[in-house]
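Working notes, beginning with the structure itself.
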Amino acid sequence: MSSSSAESERVVLFLCECGPLLNETLDLDTIATTLKEAPGVGRVLRHPTLCSEEGRAWMAERLLESPGERVVVTACSPREHEHTFRQVCEAAGHNPYLLAIANIREQCAWVTSDRDAATAKAVQLTLAAVARALRQVPLSGRDIDAQTGVVVVGAGVAGMTAARMLGDADRNVVLVERGPAIGGRTAQLAELYPAFECASCLIEPLMDEILHHPRIKVMTLAEVEDVLGSFGNFTVRIRQRARHVDVAGCYGCRACHEVCPVEVRDPFEAELTSRKAVYIAYPGCLPNASLVDEAACRHFRDRSCDACVAACPFGNVNLSARDETVEVSAGAVLLATGADLEISSAEDSSFRLPQVFSTMALERMLNASGCTNGAVRLRDGRVPSSVALAHCADERGHGPSDRCSKTCCMSMLKYARLLHEKLPEARLLMVHWGHSLAGKGYREMGWNVLRQTGVETLMLAPDDRLDIIGTSGTHARLRVSQSSGTEKETTVDMVVMAPPLSARTTAGGLARRLRLDLDSSGFVREEHPRLRSFSTRIEGVLVAGSAQGPRDVEESVSHGAAAAGAVLSALVPGRKLHIDPQRAHVDPGRCGGCRTCLRVCPYKAITFDMAAGIAEVNELLCHGCGVCGATCPSSAIEARQFTDAQLDAEVGALLGRAPRDGGDGQPAPDATYAIGKSGP
Amino acid sequence: MTGYPEGTALAAFRNGVGGARVTNFQPRIVGVLCNWCSYSGADMAGQAKLRYPNNLLILRVMCSGRVDTTLVLNALARGADGVLVCGCHPGDCHYVSGNCRAEARMELLRRVLAEFGVEKERVRVEWVSAREAERFAGLVDEMTNALRTLGPLDWPATLAAARAPASTSFPGCEEG
């Protein structure tokens, strides 16, 4: 942009009549004549329907007569046809960003029946578009090469589903799992609602496929340490923790387990039982190989034991193995890190009572291959004669919780059925705050359970309170205090509580390193809660499953597939990534290095170049909103196509006054009434 | 009734009849609308053929968060009697939170302007979703009436008077 371009250039103006429509309210002849006389306007060309195929061809021919000319289309809303006319410009060899549109239909002709006023307004709106067009600059996007490989973090159902879909489409996938085996939470579950299928039967074929897929590299005991770069070209640094047992050479014979002297509570079994320091994640896990828990093992504490090394018949235990760091290149990163049950260990938490079990603890007892081989027992080994299923425990293990974890109601109803089958004589009591049964076949199952199991139900109001009180005997007392003042009490042997799901511990660190926003429960904040729940605000970083919010198996699988689809459509082999030119850019000469823009950018697209002392925009991450420009105290950063000079010229023309400068950033000599952010 | 009662009250205003409040003054309002919600809402008002006063001239930005105080002050300095900034409802911003930044910035500007005797009603921030065509038309109506009551701001004349007495003409400006 130079001052001469703004002063001497003319635009070619296309006035579209929109068939007979615009002439109903606007005096198009007057508009055409007035505009023809206006400064900055060259040819004025009228067409009955410029957006029609014939109209576009005609427009292209006219444009070929005047190469390089700026173009104004005065017609309908740019939201309707900006794209259309940009394409015409491009096809005719004009830079599409030299086009400006005046909306004289939706925002002028169609909101009034005052012909004179509307005609005057249409002229004013068109003059504003002319003023803008004269200050637009040719822009062109950039195309960059992109990797098509994907790093999927978390090998639960969401991550595995995504990994398999991507792998089947010949994408190279690295599936990074923090734990020793793949399968995620689903591997812990007993039968799944609503159809009571065996969870492991359902996911084992998928796990097997993942493990042997030629395009998928599975890394267990691995964590993403850092993610550098941006969409299309990430470098992911992964820490591979030492397993101390060679996966390929371990046959799962457990000879090492037998000699290990250490016992620790087993989190996989909801800490109901213990395991050794050298152990296998769970029976039938994949990969089916032992590992050494460094935190528990005596060798790593004081080198006092290495019994497992000698016990292994294959000489396969190596206690001197070290963690390694590997770097992987990828075009996208998909977070499927899942959620944890938030079980409070606070002094007054109900979960500290021996009669209280979390949903996961019951799940492990009900699981035929779980710690009790499918038997439901109290911690002292007795068979419970009464079980209370208490929904909606809050963070401290009291009820109720404000946030719904969405999966527990169905789980609780599933437990009612399974408990009724295993303990037909037991009294079952369910205390809840209304059932959340939205899902295909969910209410059918839920109501059948209520009808058939004879479970007593007590539904409470939002402000009613449930307290679980331990007794000196072997029972727990349930006390319901209703807001109406009524109190009810009953005594049971066993209480099952549903702790809320939270992603705080699983995804938190990684999300922070990726500069992702988290919500108050630690779930990754999505790009859009309804339209794009599978992607984050950082381009190329996707999220699937319970990492984004509580999800059951069915929803996690769908979400994983959605995220995989988003990757497949965004990164196509052989296709370059197009960077839209309407992005923010920094004028290095004006940037004072205050970093205000870094703080306000919603997409973390701005970084600070320490050496140069100025801000830098990553055009791949920028969405072009322009918030940085509005906040910059020295007008050093602004989003292209909505620059101060362009908006200022538009405002001036709308109001019939010249812009504050000649178009070259210098104040016009007699424009002293204008206010400049940084002064003349 | 959402739009301005075309042909009745407008005609009355134009003709200068109808009581003490009636004036020929036609305020000029610059509307700065975000591309995603508010500009769409304004388009929808047209598609629904709602009626609102011709006093509003619309400028499109990608996000209401793009609207800085300079843009608003320049509009007033060029002769606008009021500026209406419209963005997505809080929580719906296409760019996460630009609308809230705009609101904070405009509130500050309104307070500063009030110190200089510029009425707060002249700078408004409103949330208009893509479906709120009626609300948008109603807002334009309401703001036009409010400014008609307040009368002209006429900054160009004030600024011209404050300038060196020799020069009184503005480039590209008929009324000076």
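Naming scheme: A, B, ... for chains in displayed order of the structure tokens; residues 1 onward per chain; ligands 1 onward as shown.
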
Residues flagged alpha helix (DSSP H) by DSSP in range 21-155 of chain B, as a VMD selection string | chain B and resid 38 to 47 69 to 77 98 to 115 133 to 150 155

Residue hits in chain B, query chain A, radius 7 Å, only C-alpha atoms, as a PyMOL selection string | chain B and resi 42-43+46-47+49-52+54+57+61-63+65-68+70-71+73-75+77-80+95-96+98+159+171-173

Residues near Pro283 in chain A, anyone? I mean within 12 Å using only C-alpha atoms, not counting same-chain ones fewer than 3 positions away, as a tab-separated table (two decimals) with N, CA, C and O atoms, in the first residue's frame.
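Ended up saving to selection.tsv:
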```
chain	number	residue	atom	x	y	z
A	181	ALA	N	-0.16	-51.61	30.25
A	181	ALA	CA	-0.96	-52.38	29.29
A	181	ALA	C	-1.95	-51.46	28.61
A	181	ALA	O	-2.29	-50.40	29.14
A	187	ALA	N	-10.85	-52.03	30.42
A	187	ALA	CA	-10.27	-53.32	30.81
A	187	ALA	C	-10.59	-53.66	32.26
A	187	ALA	O	-10.51	-54.82	32.66
A	188	GLN	N	-10.93	-52.66	33.06
A	188	GLN	CA	-11.24	-52.93	34.47
A	188	GLN	C	-12.70	-53.34	34.68
A	188	GLN	O	-13.04	-53.89	35.72
A	200	SER	N	-14.21	-57.32	28.45
A	200	SER	CA	-12.95	-57.75	27.83
A	200	SER	C	-13.18	-58.45	26.50
A	200	SER	O	-12.39	-58.30	25.58
A	252	GLY	N	5.07	-64.45	30.46
A	252	GLY	CA	4.02	-64.34	31.46
A	252	GLY	C	3.95	-65.50	32.42
A	252	GLY	O	2.88	-65.84	32.92
A	253	CYS	N	5.08	-66.18	32.74
A	253	CYS	CA	5.05	-67.37	33.59
A	253	CYS	C	4.94	-67.02	35.08
A	253	CYS	O	4.57	-67.85	35.90
A	254	ARG	N	5.28	-65.78	35.42
A	254	ARG	CA	5.15	-65.27	36.79
A	254	ARG	C	6.11	-65.89	37.79
A	254	ARG	O	5.91	-65.77	39.01
A	268	PHE	N	-5.04	-51.23	40.18
A	268	PHE	CA	-5.91	-51.80	39.15
A	268	PHE	C	-7.10	-52.50	39.78
A	268	PHE	O	-8.20	-52.51	39.25
A	269	GLU	N	-6.88	-53.10	40.97
A	269	GLU	CA	-7.96	-53.77	41.70
A	269	GLU	C	-8.62	-52.82	42.70
A	269	GLU	O	-9.14	-53.25	43.73
A	279	TYR	N	5.30	-57.45	38.65
A	279	TYR	CA	3.91	-57.91	38.50
A	279	TYR	C	3.48	-57.84	37.05
A	279	TYR	O	4.21	-57.35	36.19
A	280	ILE	N	2.27	-58.31	36.83
A	280	ILE	CA	1.68	-58.19	35.51
A	280	ILE	C	0.39	-57.38	35.71
A	280	ILE	O	-0.26	-57.50	36.75
A	286	LEU	N	-2.60	-56.98	27.58
A	286	LEU	CA	-1.72	-56.90	26.43
A	286	LEU	C	-0.93	-55.60	26.51
A	286	LEU	O	-1.52	-54.55	26.73
A	287	PRO	N	0.39	-55.59	26.32
A	287	PRO	CA	1.20	-56.79	26.17
A	287	PRO	C	1.23	-57.61	27.46
A	287	PRO	O	1.28	-57.06	28.55
A	288	ASN	N	1.22	-58.92	27.29
A	288	ASN	CA	1.17	-59.83	28.44
A	288	ASN	C	2.59	-60.06	28.96
A	288	ASN	O	3.19	-61.09	28.72
A	289	ALA	N	3.13	-59.06	29.62
A	289	ALA	CA	4.51	-59.14	30.09
A	289	ALA	C	4.61	-58.48	31.46
A	289	ALA	O	3.88	-57.53	31.76
A	290	SER	N	5.52	-59.01	32.29
A	290	SER	CA	5.72	-58.46	33.62
A	290	SER	C	6.44	-57.12	33.55
A	290	SER	O	6.98	-56.75	32.51
A	367	ASN	N	-16.25	-58.40	38.42
A	367	ASN	CA	-15.56	-58.92	37.26
A	367	ASN	C	-15.08	-60.36	37.55
A	367	ASN	O	-14.41	-60.61	38.54
A	368	ALA	N	-15.46	-61.29	36.67
A	368	ALA	CA	-15.15	-62.70	36.92
A	368	ALA	C	-13.66	-62.96	37.05
A	368	ALA	O	-13.23	-63.89	37.73
A	369	SER	N	-12.84	-62.14	36.42
A	369	SER	CA	-11.39	-62.35	36.55
A	369	SER	C	-10.78	-61.31	37.49
A	369	SER	O	-9.58	-61.08	37.47
A	370	GLY	N	-11.62	-60.66	38.30
A	370	GLY	CA	-11.13	-59.65	39.23
A	370	GLY	C	-10.57	-60.25	40.50
A	370	GLY	O	-10.41	-61.48	40.61
A	371	CYS	N	-10.33	-59.40	41.48
A	371	CYS	CA	-9.61	-59.82	42.68
A	371	CYS	C	-10.36	-60.82	43.54
A	371	CYS	O	-9.77	-61.51	44.35
A	373	ASN	N	-12.60	-63.01	42.05
A	373	ASN	CA	-13.13	-63.94	41.07
A	373	ASN	C	-14.65	-63.85	40.94
A	373	ASN	O	-15.34	-64.85	40.76
```
